[in-house]
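K.L.:
My questions will all concern the structure given below.
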Amino acid sequence: MLTDYIVHCPHVGCGWQGPLFPRGNHDNFKPATPSCHEVVFECPRCHREWHAEVIGDDVHPLPSEPIPTS
């Protein structure tokens with residue numbers, strides 16, 4: 001079943017929190033047990049995205065990749 005998740009934006013300086021649907025292929029969420037284990041969210045305030053892992057009925061943010069320095 002397609003569902004939204006209560007999340008908070010992990011980006012520094014944003015602080016948005018609320019319900020969001022994962023971005024991407026919504027067909028993955030129609031079955032009772034979603035077929036994907038990693039989802040992407042886009043913040044409605046800062047418009048940046050982050051990845052999260054689906055664990056049961058909840059999601060947990062995944063660590064962001066470090067930005068390479070020159």
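Going through the structure tokens in order, the chains are called A, B, and so on, while each chain numbers its residues from 1 and the ligands are numbered from 1 in the order shown.
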Give me the residues within 9 Å of A:Tyr5 as a list in words, counting only C-alpha atoms and dropping any in the same chain fewer than 3 places off.
P.N.:
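After dropping sequence-adjacent residues, the list is Gly18, Pro19, Leu20, Phe21, Pro22, Asp57, Asp58 and Val59 of chain A.
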K.L.:
Please list as a ChimeraX atom specification every residue within 10 Å of A:Gln17, counting only C-alpha atoms and excluding residues in the same chain fewer than 2 positions away.
P.N.:
/A:6-10,14-15,19-20,43-45
